[in-house]
>>> print(open('structure_37.cif').read())   # mmCIF, C-alpha atoms and all ligand atoms
data_structure
loop_
_atom_site.label_atom_id
_atom_site.label_comp_id
_atom_site.auth_asym_id
_atom_site.auth_seq_id
_atom_site.Cartn_x
_atom_site.Cartn_y
_atom_site.Cartn_z
CA MET A 255 0.00 0.00 0.00
CA SER A 256 2.67 2.54 0.97
CA ILE A 257 4.76 1.55 -2.04
CA GLU A 258 1.77 2.18 -4.30
CA LYS A 259 1.27 5.63 -2.80
CA PHE A 260 5.01 6.30 -3.12
CA GLY A 261 4.93 5.31 -6.80
CA GLU A 262 1.90 7.55 -7.37
CA TRP A 263 3.67 10.52 -5.79
CA ILE A 264 6.76 9.91 -7.92
CA ARG A 265 4.62 9.96 -11.06
CA GLU A 266 2.93 13.21 -9.97
CA SER A 267 6.17 15.00 -9.03
CA ASN A 268 8.63 16.83 -11.22
CA ASN A 269 10.97 18.36 -8.70
CA ILE A 270 12.09 15.43 -6.58
CA VAL A 271 15.12 15.65 -4.31
CA PHE A 272 16.74 12.67 -2.64
CA PHE A 273 18.63 12.95 0.62
CA GLY A 274 20.43 9.82 1.80
CA GLY A 275 23.10 8.24 3.88
CA ALA A 276 25.11 5.09 4.47
CA GLY A 277 22.02 2.84 4.28
CA THR A 278 21.77 3.66 0.57
CA SER A 279 24.99 1.71 0.03
CA THR A 280 24.57 -1.31 2.30
CA GLU A 281 22.99 -3.23 -0.60
CA SER A 282 26.31 -2.61 -2.38
CA ASN A 283 28.03 -4.36 0.54
CA ILE A 284 29.40 -1.22 2.14
CA PRO A 285 28.66 -1.35 5.87
CA ASP A 286 26.92 1.62 7.46
CA PHE A 287 27.66 2.80 10.98
CA ARG A 288 24.54 1.98 12.97
CA THR A 289 22.87 -1.16 11.64
CA GLN A 290 23.06 -3.78 14.40
CA ASP A 291 25.65 -6.55 13.86
CA THR A 292 26.89 -5.44 10.43
CA GLY A 293 27.41 -1.71 11.05
CA LEU A 294 30.92 -0.45 11.80
CA TYR A 295 29.90 0.42 15.36
CA ASP A 296 29.50 -3.28 16.10
CA LYS A 297 32.20 -4.74 13.89
CA ASN A 298 35.39 -3.04 14.83
CA HIS A 299 36.47 -4.55 18.09
CA LYS A 300 39.98 -4.58 16.64
CA TYR A 301 40.14 -0.80 16.95
CA PRO A 302 40.49 0.91 20.30
CA TYR A 303 37.90 3.62 19.56
CA PRO A 304 34.50 3.90 17.84
CA PRO A 305 34.38 5.12 14.22
CA GLU A 306 33.55 8.70 15.10
CA VAL A 307 36.85 8.89 17.00
CA MET A 308 38.94 6.99 14.43
CA ILE A 309 37.77 9.32 11.67
CA SER A 310 37.87 12.54 13.62
CA HIS A 311 40.05 15.52 12.87
CA SER A 312 42.07 15.27 16.07
CA PHE A 313 42.72 11.55 15.59
CA PHE A 314 43.86 12.22 12.02
CA ILE A 315 46.32 14.89 13.24
CA GLN A 316 47.63 12.90 16.22
CA HIS A 317 47.61 9.35 14.83
CA THR A 318 47.71 9.77 11.07
CA ARG A 319 49.01 6.29 10.39
CA ASP A 320 46.31 4.59 12.50
CA PHE A 321 43.72 6.83 10.89
CA TYR A 322 44.75 5.58 7.46
CA ASP A 323 44.77 1.98 8.64
CA PHE A 324 41.15 2.29 9.78
CA TYR A 325 40.07 4.45 6.86
CA LYS A 326 41.48 2.24 4.11
CA THR A 327 40.09 -0.93 5.68
CA ASN A 328 36.64 0.36 6.63
CA MET A 329 35.71 3.40 4.61
CA VAL A 330 37.11 2.69 1.15
CA TYR A 331 35.31 0.23 -1.15
CA LYS A 332 36.77 0.92 -4.54
CA ASP A 333 35.18 -2.07 -6.27
CA ALA A 334 31.66 -1.56 -4.91
CA LYS A 335 28.92 -1.41 -7.55
CA PRO A 336 25.80 0.77 -7.52
CA ASN A 337 22.65 -1.02 -6.35
CA ASP A 338 18.98 -0.57 -7.29
CA ALA A 339 18.68 2.56 -5.14
CA HIS A 340 21.52 4.37 -6.94
CA LYS A 341 20.34 3.14 -10.34
CA THR A 342 16.70 4.14 -9.83
CA LEU A 343 17.68 7.62 -8.68
CA ALA A 344 19.94 8.06 -11.72
CA LYS A 345 17.06 7.01 -13.96
CA LEU A 346 14.69 9.52 -12.33
CA GLU A 347 17.25 12.27 -12.91
CA GLU A 348 17.64 11.27 -16.53
CA GLU A 349 13.87 11.48 -16.95
CA GLY A 350 14.00 15.03 -15.59
CA LYS A 351 11.95 14.24 -12.49
CA LEU A 352 14.72 14.26 -9.91
CA LYS A 353 16.78 17.45 -9.57
CA ALA A 354 19.45 16.55 -7.03
CA VAL A 355 20.90 13.79 -4.92
CA ILE A 356 22.17 15.03 -1.59
CA THR A 357 24.30 12.44 0.13
CA GLN A 358 26.21 11.99 3.36
CA ASN A 359 28.11 9.16 1.67
CA ILE A 360 31.68 9.39 0.49
CA ASP A 361 31.67 6.32 -1.76
CA GLY A 362 30.93 7.89 -5.16
CA LEU A 363 28.28 5.27 -6.01
CA HIS A 364 25.62 7.74 -7.15
CA GLN A 365 28.02 9.04 -9.81
CA LYS A 366 28.98 5.47 -10.78
CA ALA A 367 25.26 4.81 -11.38
CA GLY A 368 25.05 7.85 -13.67
CA SER A 369 23.69 10.58 -11.38
CA LYS A 370 25.00 13.99 -12.43
CA ASN A 371 23.87 16.46 -9.81
CA VAL A 372 25.26 14.91 -6.63
CA LEU A 373 25.88 17.10 -3.61
CA GLU A 374 28.39 15.34 -1.38
CA LEU A 375 27.94 16.83 2.07
CA HIS A 376 30.80 14.80 3.53
CA GLY A 377 33.14 14.78 0.54
CA SER A 378 34.51 11.83 -1.42
CA ILE A 379 37.14 9.13 -1.06
CA TYR A 380 38.04 9.78 -4.71
CA ARG A 381 39.42 13.29 -4.02
CA ASN A 382 42.55 13.81 -1.95
CA TYR A 383 44.85 16.78 -1.53
CA CYS A 384 48.13 17.89 0.01
CA MET A 385 47.51 19.82 3.21
CA GLU A 386 50.50 22.10 2.41
CA CYS A 387 50.35 22.92 -1.31
CA ASN A 388 46.87 21.64 -2.18
CA LYS A 389 48.09 19.37 -4.99
CA LYS A 390 45.35 16.88 -5.89
CA TYR A 391 45.71 13.10 -5.69
CA ASP A 392 43.45 10.25 -6.74
CA LEU A 393 42.32 7.32 -4.62
CA ASP A 394 44.95 4.95 -6.01
CA TYR A 395 47.69 7.21 -4.70
CA ILE A 396 46.30 6.70 -1.19
CA LEU A 397 45.71 2.98 -1.60
CA ASN A 398 49.16 2.35 -3.05
CA THR A 399 50.96 4.03 -0.16
CA ASP A 400 51.73 1.76 2.78
CA ASN A 401 52.47 4.49 5.24
CA VAL A 402 51.03 8.01 5.50
CA PRO A 403 50.68 9.39 1.95
CA LYS A 404 52.97 12.36 1.34
CA CYS A 405 52.95 14.95 -1.43
CA LYS A 406 55.34 14.28 -4.31
CA VAL A 407 55.97 18.02 -4.72
CA CYS A 408 56.38 19.39 -1.21
CA GLY A 409 56.35 16.38 1.13
CA GLY A 410 53.20 17.58 2.94
CA ILE A 411 50.66 15.08 4.25
CA VAL A 412 47.99 14.12 1.74
CA ARG A 413 44.50 13.84 3.20
CA PRO A 414 41.14 12.72 1.86
CA ASP A 415 38.68 15.42 0.88
CA VAL A 416 36.16 14.02 3.34
CA VAL A 417 34.61 15.85 6.24
CA LEU A 418 36.01 14.28 9.40
CA TYR A 419 34.19 14.44 12.71
CA GLN A 420 34.90 17.83 14.38
CA GLU A 421 35.20 19.48 10.96
CA GLY A 422 32.65 21.81 9.38
CA LEU A 423 30.76 21.16 6.18
CA ASP A 424 31.49 23.03 2.97
CA MET A 425 29.06 25.96 3.21
CA GLU A 426 28.57 26.21 -0.52
CA VAL A 427 27.50 22.56 -0.78
CA LEU A 428 25.30 22.92 2.30
CA ASN A 429 23.59 26.04 0.94
CA ARG A 430 22.94 24.39 -2.40
CA ALA A 431 21.46 21.39 -0.59
CA ILE A 432 19.16 23.70 1.39
CA TRP A 433 18.07 25.44 -1.82
CA TYR A 434 17.16 22.16 -3.53
CA ILE A 435 15.25 20.89 -0.51
CA LYS A 436 13.34 24.17 -0.03
CA ASN A 437 12.23 24.08 -3.66
CA ALA A 438 11.43 20.37 -3.92
CA ASP A 439 7.87 19.21 -4.49
CA MET A 440 8.82 15.81 -3.09
CA LEU A 441 11.64 14.91 -0.70
CA ILE A 442 12.75 11.29 -0.46
CA VAL A 443 14.92 10.63 2.56
CA GLY A 444 16.49 7.21 2.77
CA GLY A 445 19.11 5.01 4.35
CA THR A 446 20.05 7.43 7.07
CA SER A 447 19.64 7.30 10.83
CA LEU A 448 19.20 11.11 10.80
CA VAL A 449 21.27 11.57 13.90
CA VAL A 450 24.42 13.14 12.41
CA TYR A 451 24.18 16.93 12.38
CA PRO A 452 24.14 19.35 10.67
CA ALA A 453 23.23 17.04 7.76
CA ALA A 454 20.15 15.55 9.47
CA GLY A 455 18.68 19.03 10.06
CA LEU A 456 18.36 19.51 6.29
CA VAL A 457 15.01 17.70 6.41
CA ASP A 458 13.57 20.70 8.31
CA TYR A 459 13.97 22.91 5.22
CA TYR A 460 11.40 20.96 3.23
CA ASN A 461 8.15 22.91 2.76
CA GLY A 462 5.98 20.44 0.86
CA ASN A 463 3.60 17.64 1.75
CA LYS A 464 5.40 14.68 0.19
CA LEU A 465 8.15 13.81 2.62
CA VAL A 466 8.88 10.12 2.15
CA LEU A 467 11.17 8.39 4.62
CA ILE A 468 12.55 4.98 3.68
CA ASN A 469 14.73 3.42 6.33
CA ARG A 470 15.08 -0.02 7.87
CA ASP A 471 15.25 1.27 11.43
CA GLU A 472 13.21 4.00 13.07
CA THR A 473 14.56 7.55 12.98
CA PRO A 474 13.86 10.69 15.04
CA TYR A 475 12.02 12.07 11.98
CA ASP A 476 9.52 9.21 11.59
CA ASN A 477 6.55 11.22 12.82
CA THR A 478 7.43 14.20 10.59
CA ALA A 479 7.16 12.10 7.40
CA ASP A 480 4.07 12.08 5.17
CA LEU A 481 4.88 8.50 4.21
CA ILE A 482 7.13 6.12 6.10
CA ILE A 483 8.45 2.82 4.78
CA HIS A 484 10.60 0.61 7.01
CA ASP A 485 12.24 -1.54 4.36
CA SER A 486 15.28 -1.82 2.08
CA ILE A 487 15.76 1.27 0.01
CA GLY A 488 16.94 -0.44 -3.18
CA LYS A 489 13.92 -2.71 -3.25
CA VAL A 490 11.45 0.05 -2.39
CA LEU A 491 12.74 2.57 -4.94
CA LYS A 492 12.89 0.03 -7.74
CA ASN A 493 9.41 -1.36 -7.02
CA ALA A 494 7.82 2.07 -6.69
CA VAL A 495 9.22 3.31 -10.00
CA GLU A 496 8.50 0.13 -11.93
CA ARG A 497 4.84 0.04 -10.92
P1 LIG B 1 24.04 5.43 9.80
O1 LIG B 1 23.98 6.24 11.01
O2 LIG B 1 24.91 4.23 9.79
O3 LIG B 1 22.54 4.99 9.48
C1 LIG B 1 22.22 4.18 8.40
C2 LIG B 1 20.73 3.93 8.44
O4 LIG B 1 20.38 3.27 7.24
C3 LIG B 1 20.26 3.06 9.59
O5 LIG B 1 19.23 3.72 10.28
C4 LIG B 1 19.75 1.78 8.93
O6 LIG B 1 18.56 1.30 9.50
C5 LIG B 1 19.48 2.23 7.54
N1 LIG B 1 19.73 1.21 6.51
C6 LIG B 1 20.81 0.40 6.38
N2 LIG B 1 20.72 -0.32 5.25
C7 LIG B 1 19.54 0.03 4.68
C8 LIG B 1 18.88 -0.36 3.49
N3 LIG B 1 19.42 -1.24 2.67
N4 LIG B 1 17.69 0.21 3.22
C9 LIG B 1 17.12 1.12 4.07
N5 LIG B 1 17.71 1.53 5.19
C10 LIG B 1 18.91 1.00 5.49
O7 LIG B 1 24.43 6.29 8.52
P2 LIG B 1 24.15 7.83 8.21
O8 LIG B 1 24.50 8.05 6.80
O9 LIG B 1 22.84 8.26 8.71
O10 LIG B 1 25.26 8.50 9.15
C11 LIG B 1 25.99 9.44 8.74
C12 LIG B 1 27.48 9.08 8.52
C13 LIG B 1 27.83 7.67 8.10
C14 LIG B 1 27.88 9.91 7.35
O11 LIG B 1 28.81 10.83 7.81
C15 LIG B 1 28.53 8.99 6.33
O12 LIG B 1 29.62 9.62 5.74
C16 LIG B 1 28.98 7.81 7.12
N6 LIG B 1 29.19 6.57 6.33
C17 LIG B 1 29.20 6.58 4.96
C18 LIG B 1 29.40 5.42 4.25
C19 LIG B 1 29.42 5.45 2.74
O13 LIG B 1 29.91 6.40 2.14
N7 LIG B 1 28.86 4.43 2.08
C20 LIG B 1 29.57 4.22 4.93
C21 LIG B 1 29.58 4.24 6.34
C22 LIG B 1 29.38 5.42 7.03
#
>>> encode(input="structure_37.cif", output="structure tokens", more="lines below")
Ligand code: CNA
Amino acid sequence: MSIEKFGEWIRESNNIVFFGGAGTSTESNIPDFRTQDTGLYDKNHKYPYPPEVMISHSFFIQHTRDFYDFYKTNMVYKDAKPNDAHKTLAKLEEEGKLKAVITQNIDGLHQKAGSKNVLELHGSIYRNYCMECNKKYDLDYILNTDNVPKCKVCGGIVRPDVVLYQEGLDMEVLNRAIWYIKNADMLIVGGTSLVVYPAAGLVDYYNGNKLVLINRDETPYDNTADLIIHDSIGKVLKNAVER
């Protein structure tokens, strides 16, 4: 029933915006943080601290080598393939119905699926830069370095262009995300626990009456949604669009 309604709303809408998180990529075998048993919060007993510490700014500065050990093992999935969620969203954009994908993910899977207008709130594993001279490096440069990656030009430390905990978001990306959400006729929120701020607060900017929340677990925004579906996002998106 909810999927039918969701499909109907998609057909009626022409200014859809999607806002998602790590749950969008679990069907591509990339673990999220908070799903019980498979999420990184449960899995990493090997590491002395929880993920939000291991990938924080201060940990990066103080323990750069350990940061990279955790990051390369747990946050980088170079061979991951887009799933039905990414593919369906790319198709909706191609049809002109969806205007932007706003993601908290850093895995680049929306672009791999063909999405063009992707706003990466937390950056991307595929972009890296020297902290001294700003020279750009690709992901392979990071993966092929055993120790801390250093700049070939100036010897500075190369870091991923991802927003670490304790760091602020890029204001330009954030403002664009707000603009798209404010102007959307339908907002699909999916695969996110909606507990990481300021990203989660973006939902509050939506003015319309088609806020659809697709998430396996409950979120603090469940009673704000006009339609709530507790199921797998790939399956739900594909089914709703194919109806
Ligand atoms: P989270 O806090 O781990 O929450 C994920 C949510 O998705 C949970 O509530 C799950 O119930 C739900 N979920 C998991 N799988 C599915 C599915 N297949 N269908 C529907 N719902 C599902 O992740 P958030 O994105 O909310 O947290 C924000 C952090 C996690 C961001 O800063 C991300 O950068 C970071 N992260 C990103 C990746 C990635 O890039 N793929 C992976 C792991 C963590």
>>> residues_around(input="structure_37.cif", residues="Lys300 of chain A", least_positions_apart="4", cutoff="12 Å", atoms="only C-alpha atoms", output="PyMOL selection string")
chain A and resi 294-296+304-305+308+320+323-324+327-328
>>> write_last_selection(input="structure_37.cif", atoms="C-alpha atoms", output="PDB file, in the frame of the given file")
ATOM      1  CA  LEU A 294      30.920  -0.450  11.800  1.00  0.00           C
ATOM      2  CA  TYR A 295      29.900   0.420  15.360  1.00  0.00           C
ATOM      3  CA  ASP A 296      29.500  -3.280  16.100  1.00  0.00           C
ATOM      4  CA  PRO A 304      34.500   3.900  17.840  1.00  0.00           C
ATOM      5  CA  PRO A 305      34.380   5.120  14.220  1.00  0.00           C
ATOM      6  CA  MET A 308      38.940   6.990  14.430  1.00  0.00           C
ATOM      7  CA  ASP A 320      46.310   4.590  12.500  1.00  0.00           C
ATOM      8  CA  ASP A 323      44.770   1.980   8.640  1.00  0.00           C
ATOM      9  CA  PHE A 324      41.150   2.290   9.780  1.00  0.00           C
ATOM     10  CA  THR A 327      40.090  -0.930   5.680  1.00  0.00           C
ATOM     11  CA  ASN A 328      36.640   0.360   6.630  1.00  0.00           C
TER      12      ASN A 328
END
>>> closest_residue(input="structure_37.cif", among="A:Met440, A:Ile411, A:Val450, A:Ile432", to="ligand LIG 1 (chain B)", atoms="only C-alpha atoms and all ligand atoms")
A:Val450
>>> residues_around(input="structure_37.cif", residues="Ser486 of chain A", least_positions_apart="3", cutoff="10 Å", atoms="all atoms listed in the file", output="number ranges by chain")
A: 277-278, 280-281, 339, 444-445, 468-471, 483, 489-491
>>> atom_distance(input="structure_37.cif", atom1="atom CA of Arg413 of chain A", atom2="atom CA of Ala454 of chain A")
25.2 Å
>>> residues_around(input="structure_37.cif", residues="Ile435 of chain A", least_positions_apart="5", cutoff="10 Å", atoms="only C-alpha atoms", output="number ranges by chain")
A: 269-273, 353-354, 356, 429-430, 440-442, 456-462
>>> residues_around(input="structure_37.cif", residues="Ser378 of chain A", least_positions_apart="4", cutoff="8 Å", atoms="all atoms listed in the file", output="ChimeraX atom specification")
/A:359-362,374,414-416
>>> closest_residue(input="structure_37.cif", among="A:Lys332, A:Lys436, A:Lys259, A:Arg319", to="ligand LIG 1 (chain B)", atoms="only C-alpha atoms and all ligand atoms")
A:Lys332
>>> atom_distance(input="structure_37.cif", atom1="atom CA of Glu421 of chain A", atom2="atom C1 of ligand LIG 1 (chain B)")
20.2 Å
>>> atom_distance(input="structure_37.cif", atom1="atom CA of Pro302 of chain A", atom2="atom CA of Tyr322 of chain A")
14.3 Å
>>> axis_aligned_box(input="structure_37.cif", around="ligand LIG 1 (chain B)", padding_each_side="8 Å", output="AutoDock Vina command-line options")
--center_x 23.5 --center_y 4.8 --center_z 6.5 --size_x 28.8 --size_y 28.1 --size_z 24.9
>>> closest_residue(input="structure_37.cif", among="A:Tyr380, A:Lys341, A:Tyr451, A:Val443", to="Thr478 of chain A", atoms="all atoms listed in the file")
A:Val443
>>> closest_residue(input="structure_37.cif", among="A:Asp480, A:Asp424, A:Asp338, A:Glu472", to="Ala367 of chain A", atoms="only C-alpha atoms")
A:Asp338
>>> residues_around(input="structure_37.cif", residues="segment 309-315 of chain A", least_positions_apart="6", cutoff="7 Å", atoms="all atoms listed in the file", output="mmCIF file with C-alpha atoms, in the coordinates of the input")
data_model
loop_
_atom_site.group_PDB
_atom_site.id
_atom_site.type_symbol
_atom_site.label_atom_id
_atom_site.label_comp_id
_atom_site.auth_asym_id
_atom_site.auth_seq_id
_atom_site.Cartn_x
_atom_site.Cartn_y
_atom_site.Cartn_z
ATOM 1 C CA PHE A 321 43.720 6.830 10.890
ATOM 2 C CA LEU A 418 36.010 14.280 9.400
ATOM 3 C CA TYR A 419 34.190 14.440 12.710
ATOM 4 C CA GLN A 420 34.900 17.830 14.380
ATOM 5 C CA GLU A 421 35.200 19.480 10.960
#
>>> closest_residue(input="structure_37.cif", among="A:Leu343, A:Ala494, A:Met425, A:Ala453", to="Gln358 of chain A", atoms="only C-alpha atoms")
A:Ala453
>>> residues_near_point(input="structure_37.cif", point="(29.7, -3.9, 4.8)", cutoff="10 Å", atoms="all atoms listed in the file", output="PyMOL selection string")
chain A and resi 279-287+292-294+297+328-329+331
